Amino acid sequence: MKGTLKILTASALVALALASTGVSSAAPSDPAAGVSPSVLVTPAARSALQAKVDLARMATPALFDTLRAIRADVPNLERQRRGNHALVGRILANLGKDALLPMLDMLVFREAEERALEPNARVAWRAGLIEAIGKLRDPFALPYIGALLDGPETEPHLVFAAAQALARHGGDESTDKLVLRSAQPDPKRVSIVKALGECRREKAARAIVAVLESNTADPLLSKTAVDALGMVGSSWAWAVPEVAKNGEGDRTREVAARALIAALPKLAVDAQRDVAVALSSIELAQTGAWMQEARLRGRVEDRAVFDRTIQQLRK
Amino acid sequence: MTPKRRTPLLALLPLVALACSSAPTESGSTPKPTGSAAPAPVVDPATNKQGLVLLVDNNRNGTIDFDDPSEQKGRDTWDDTHGAVFLANIDDDTLRCPRTGKDLDLMKCFDAADDVVNGDDDLLDMAPMRTKPWEKVPADATATLAISEAAAANVRLFKRGEDGSYVVFDPASATLSAAELKAGVDMYLEGKDIIRDSSAWDGFVDVHIVATVGDRIVDEDKVRLKVAPVISPNHLDAPEQVYTTAGDPNFNADVAASSTAAKLPKPIQFKSQDVWAQDFFDPAYMVMPGEGGKQHVMHANFRSANFTQNTFRAAGKVVFDLRGKDVAAIVAYDPRHNDNMDSLNSFGNMETIPPYTLAGKSFPYGRILRGHIPTWYADPTFTKMIESQGVQDPIYVDTEWLIVGHVDEFLTYIPVSSPRGWALVVADATMARKMLQDLSARGLGATKLHEGLSVWNSSGSGRVSAMKTVAQVLADQDVMSASQLAQGKIDKALTIIRDAVGLTDAEIIRVPTLFESEMGAAVAWDPGTVNGIVLGNRFAAPKAHSAIVEGKDIVQKAFEDALVPRGMVVDWVEDWDTYHINLGEVHCGSNVRRTPPAKPFWMQGVKR
């Protein structure tokens, strides 16, 4: 593949790999690379992954090559980046579902090879890997992503990417893990609450609500929770058939909307504006009535903020 | 009627006695001022003061007019109708400053950094001051000058000697002799810096001249001047020069075509690996009254306050390369600012809302718009400097939801024929989604977007396709939720801007853009068409690469349908490979120097 400029869609890569009858151009898994210090999984899980990776390498060696090439290009992407980090996740996500095992190989077994990357490039690369894995929503990846979240990694982008990957899967086990962690006051909490916004489950919404209710005076946590409630109740996301099929859409959106309305007067001004943003994302027909109800039930001095928010929603 | 004698600012007055008919004012035993102590109030700043009279270009016509009452009237005050203006003399008229070298060394070189007059051009950047020839000055009188305390460190006085040379006049130690006062003294006040922090120095300079005989004050006078604010241009100001960086020939060819069509010179391409020409510097300007009543312009390029890991953003050094005659470089940054928020210091995050008036309050130079909230904020030193200019009171909105965090990612302004003269163009995710839904409803869900493009291309290593179908995009919950959040956050910013400006719905033009999320924040999923440059009535926008229906790109068609009827011509620029996939667009990869409006700020009713 090297020396050519070619569009590598995931299906084309698979086709190329299947057509290959010779020896794979990719190197076998390198035990010397060591087990990733940030993804601490059981030996059994490691072995299970190693076996699948080895098979995938034989089936789709070009994908492994491509991943290696992208990683090698990260310093260049970093040089061209706008903002804090190069965005690697959307590159990797566009490789498609066949890239899952090559990406897990990189994430779990090849962290030592990242030593060549500058710290910022390493974060860009690793966050991209985790994010792209998360977008695939494949349950096979969950133990490795969960281990990363539970492990020693504290870099906020990587912690968020791991939490987001679990949230995007939205299964009971991964959701429960996030719900549990969201109640714990640890440095990863903001990332976890933010990530819960992408877990389209009623229990995720309730966990965010709990955080909001008990942290209205914390500017960062309350703003994060408000945004997360807008995300978890996003009507556009719930309109996607794949999302809607869990049947929790209406309840989730109502839980989110009611909590936002209840919290409104207790929040700082900027977070109050974000409540309108979140409510406009949730887009429930009853929002106006609930707002009026809360306005009348609440303190007279809080009515102005309700009026302002109603006005903002109308605009 | 005595004809008014107009003295050109640069006329080198011989120090000869000129007629002066009245006796000196003797004001008793007022204590003699020393050095830069705060001056006492002046008793008589009347229009016909005789005796010791210190004149500046109080009436802002570019000359000092000894016999024009407007030159004397209220010269110890300064407002929108009168008061002298001078520039921060921070350009490099004689091109003596190095263009390369260490950042801190480059910052230290500018015309006011030395204590010499760097040629006639240098004098044009200063405020001329003259004492009116005082024929009946007491033979044993001397005069001292005092500069108001807050201004003292920011200005310098030069006195013209008999041989025509200029020497520094240090108010702390120098005096004017009776002979000089009799002949009239020719002086210049030089600004050594812009306003950095208005709470420390608001740009005003009070110059108090006191004539004494022994310890007795025999006359005094006072004038007030103000350093010109640094003003950021807006999209209604005429473009003069487009800047890009070398490296993407397709992009540069398209931008050059648009620039040529706008009758502008060929774009200047910086040789920089950092392709974000919008971000690392930003053209601004300062003006003062010049010869012939015209405004004298000094362009001033801000270097971005991008400073991380104790290092300046290298490409920002271009401000020193551009520095020259009537072109200044301005640097303001706090080395301790939060590195994680450094992207907010790029100039994609500093746009100028064009001029407007609302509820009797006028912003003739518009207002700065930046992404800056309590939890996500730009460099405090730079922010204070911008706020301190006092003429473009910034409006702040939340851009924390964006990966890059810049206001140019979701809005711009275009000139239109309307009472306001401009309209706001804003990215609209709802519109973009609706367009795709309509296609889907028409059975066109398989229509491709971003066809033939890649999200990664590396020569020799392959590419990764960017192509998606309409159906795939609509089924992508991540793009959908990110787009909806973006819509809400854009609406939140619009609420703030609407309230501040008084914009009506008709003045807000919506153009379709979807957003995606990565690393927990959003960025335009398809090329953000709003993120282009305005060159007069032309808008250079990124090619949208959206669905082609009936031979037309649906996003480009929507964009043209919105802008063309309002008098704009749209030029499409290919920016995908170098800019879009690296999180920016045409605007981010370019910059524009503009001509200041013909009506200067002192005629605009600008008040502090």
# chains A, B, ... in the order shown; residues from 1 in each chain; ligands from 1
$ select_by_dssp --residues "region 99-270 of chain B" --states "alpha helix (DSSP H)" --output "VMD selection string"
chain B and resid 103 to 108 120 to 124 149 to 152 178 to 183 249 to 261
$ residues_around --residues "region 238-251 of chain A" --least-positions-apart "5" --cutoff "12 Å" --atoms "only C-alpha atoms" --output "PyMOL selection string"
(chain A and resi 137+168-172+198-206+230-233+256-258+281-286) or (chain B and resi 433+437+471-481+484)
$ closest_residue --among "B:Asp321, B:Asp92, B:Glu400, B:Glu71" --to "chain A" --atoms "only C-alpha atoms"
B:Glu400
$ select_by_dssp --residues "region 94-271 of chain B" --states "strand (DSSP E or B)" --output "PyMOL selection string"
chain B and resi 127-131+142-147+155-160+166-169+176-177+186-191+204-213+216-227+231+239-245+268-270
$ residues_around --residues "Leu63 (chain A)" --least-positions-apart "3" --cutoff "7 Å" --atoms "only C-alpha atoms" --output "PyMOL selection string"
chain A and resi 13+60+66-67+99+102
$ atom_distance --atom1 "CA of Ala45 (chain A)" --atom2 "CA of Val108 (chain A)"
10.7 Å
$ closest_residue --among "A:His85, A:Leu77, A:Pro143, A:Ala228" --to "Leu49 (chain A)" --atoms "only C-alpha atoms"
A:Pro143
$ closest_residue --among "B:Asn531, B:Thr352, B:Asn457, B:Gln72" --to "chain A" --atoms "only C-alpha atoms"
B:Asn457
$ residues_around --residues "Gly536 (chain B)" --least-positions-apart "5" --cutoff "9 Å" --atoms "only C-alpha atoms" --output "list in words"
His235, Leu236, Asp237, Ala238, Pro239, Ala262, Ile414, Pro415 and Met568 of chain B
$ residues_around --residues "Asn94 (chain A)" --least-positions-apart "6" --cutoff "12 Å" --atoms "only C-alpha atoms" --output "list in words"
Ile7, Leu8, Thr9, Ala10, Ser11, Leu63, Leu67, Val88, Leu100, Gly128, Leu129, Glu131, Ala132, Ile133, Lys135 and Leu136 of chain A; Leu453, Ser454, Val455, Trp456, Arg463, Val464, Ser465, Ala466, Met467 and Lys468 of chain B
$ atom_distance --atom1 "CA of Pro139 (chain A)" --atom2 "CA of Ala167 (chain A)"
11.6 Å
$ residues_around --residues "Phe302 (chain B)" --least-positions-apart "3" --cutoff "8 Å" --atoms "only C-alpha atoms" --output "list in words"
Phe281, Asp282, Pro283, Ala284, Val319, Ala329, Ile330 and Val331 of chain B
$ write_last_selection --atoms "N, CA, C and O atoms" --output "PDB file, in the first residue's frame"
ATOM      1  N   PHE B 281      -2.055  36.538  13.970  1.00  0.00           N
ATOM      2  CA  PHE B 281      -1.934  38.006  14.017  1.00  0.00           C
ATOM      3  C   PHE B 281      -3.259  38.600  13.587  1.00  0.00           C
ATOM      4  O   PHE B 281      -4.116  37.903  13.028  1.00  0.00           O
ATOM      5  N   ASP B 282      -3.430  39.884  13.839  1.00  0.00           N
ATOM      6  CA  ASP B 282      -4.675  40.525  13.428  1.00  0.00           C
ATOM      7  C   ASP B 282      -4.422  41.998  13.149  1.00  0.00           C
ATOM      8  O   ASP B 282      -3.906  42.726  14.011  1.00  0.00           O
ATOM      9  N   PRO B 283      -4.765  42.447  11.960  1.00  0.00           N
ATOM     10  CA  PRO B 283      -4.543  43.859  11.639  1.00  0.00           C
ATOM     11  C   PRO B 283      -5.525  44.778  12.364  1.00  0.00           C
ATOM     12  O   PRO B 283      -6.722  44.484  12.437  1.00  0.00           O
ATOM     13  N   ALA B 284      -5.001  45.859  12.883  1.00  0.00           N
ATOM     14  CA  ALA B 284      -5.817  46.898  13.512  1.00  0.00           C
ATOM     15  C   ALA B 284      -5.189  48.231  13.101  1.00  0.00           C
ATOM     16  O   ALA B 284      -4.316  48.263  12.223  1.00  0.00           O
ATOM     17  N   VAL B 319       4.319  39.756  12.812  1.00  0.00           N
ATOM     18  CA  VAL B 319       4.024  41.169  13.108  1.00  0.00           C
ATOM     19  C   VAL B 319       5.296  42.009  13.089  1.00  0.00           C
ATOM     20  O   VAL B 319       5.244  43.207  12.797  1.00  0.00           O
ATOM     21  N   ALA B 329       3.667  46.896  15.614  1.00  0.00           N
ATOM     22  CA  ALA B 329       3.423  45.547  16.140  1.00  0.00           C
ATOM     23  C   ALA B 329       3.019  45.694  17.603  1.00  0.00           C
ATOM     24  O   ALA B 329       3.636  46.469  18.343  1.00  0.00           O
ATOM     25  N   ILE B 330       1.979  44.978  17.990  1.00  0.00           N
ATOM     26  CA  ILE B 330       1.504  45.068  19.379  1.00  0.00           C
ATOM     27  C   ILE B 330       1.453  43.667  19.982  1.00  0.00           C
ATOM     28  O   ILE B 330       0.870  42.747  19.399  1.00  0.00           O
ATOM     29  N   VAL B 331       2.056  43.544  21.135  1.00  0.00           N
ATOM     30  CA  VAL B 331       2.060  42.268  21.848  1.00  0.00           C
ATOM     31  C   VAL B 331       1.534  42.505  23.253  1.00  0.00           C
ATOM     32  O   VAL B 331       1.958  43.444  23.924  1.00  0.00           O
TER      33      VAL B 331
END
$ atom_distance --atom1 "CA of Ile64 (chain B)" --atom2 "CA of Thr77 (chain B)"
16.7 Å
$ closest_residue --among "B:Ala257, B:Leu123, B:Leu181, B:Ala141" --to "Ser165 (chain B)" --atoms "only C-alpha atoms"
B:Leu123
